[in-house]
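Down below is the structure, laid out as structure tokens.
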Amino acid sequence: MFMADIAGVRVLYTGDYSREEDCHLCAVEILQFSLYFNSEKMAKTIRRLAEKTPEVGETVSGFLVKKAFTYHIMALDDLHVFSQLSIENISQRITIAYSGAFGVLKHRLKQIFESVESLPDEESEGPAFRVHERLTVKYESEKHISLHWRSDPISDMVSDSVIISILLILVLITSYC
């Protein structure tokens, strides 16, 4: 459907490309109307976030969930109550074959990363250190070390960097032998 100007007369063309004849309406026969849309969206706070009414201008932090054209802001702990989503923590562990000296590994990682701190032996059951307070490197045996971290984007990037650094250290150690 479109409006056409034919010989100074505005005509609405409603062709549907079927076998029926096309319909032409003069502009005077067409009623004008306007549609107004309200672009404001409203989100309700529920459960824990709704316990305290926020002041004007106060920031409300939570998860925005859209369900059946309604918006809700909820706390992380309430997410499983109002949706089928759940939050899980993933702990990751990788064991790497490493036959070099554990002190050399720690020294090399200190040169690369800002924060490398030793852990007490009673906490880690053997020599261990923590990188950026996110990743724990443990001495498992003469031929293995293990890395432990709780998965999140930053910890995963740190672990990837440490793994690559360990593999590069191994390449350097084997190239000198």
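Scheme for the structure tokens: letters A, B, ... for chains in order shown; per-chain residue numbers from 1; ligand numbers from 1 in order shown.
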
Within 9 Å of range 104-111 of chain A using only C-alpha atoms, minus same-chain residues under 3 positions, as a list in words: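 Listed by chain and then number, they are Gly100, Ala101, Glu114, Ser115, Val116, Glu117, Ser118, Phe129, Val131, Val137, Val162, Ser165, Ile166 and Ile169 of chain A.
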
Exercise: range 54-65 of chain A partners within 7 Å, only C-alpha atoms, chain neighbours under 6 positions left out, as JSON, numbers by chain: {"A": [71, 72, 73, 74, 75, 76]}
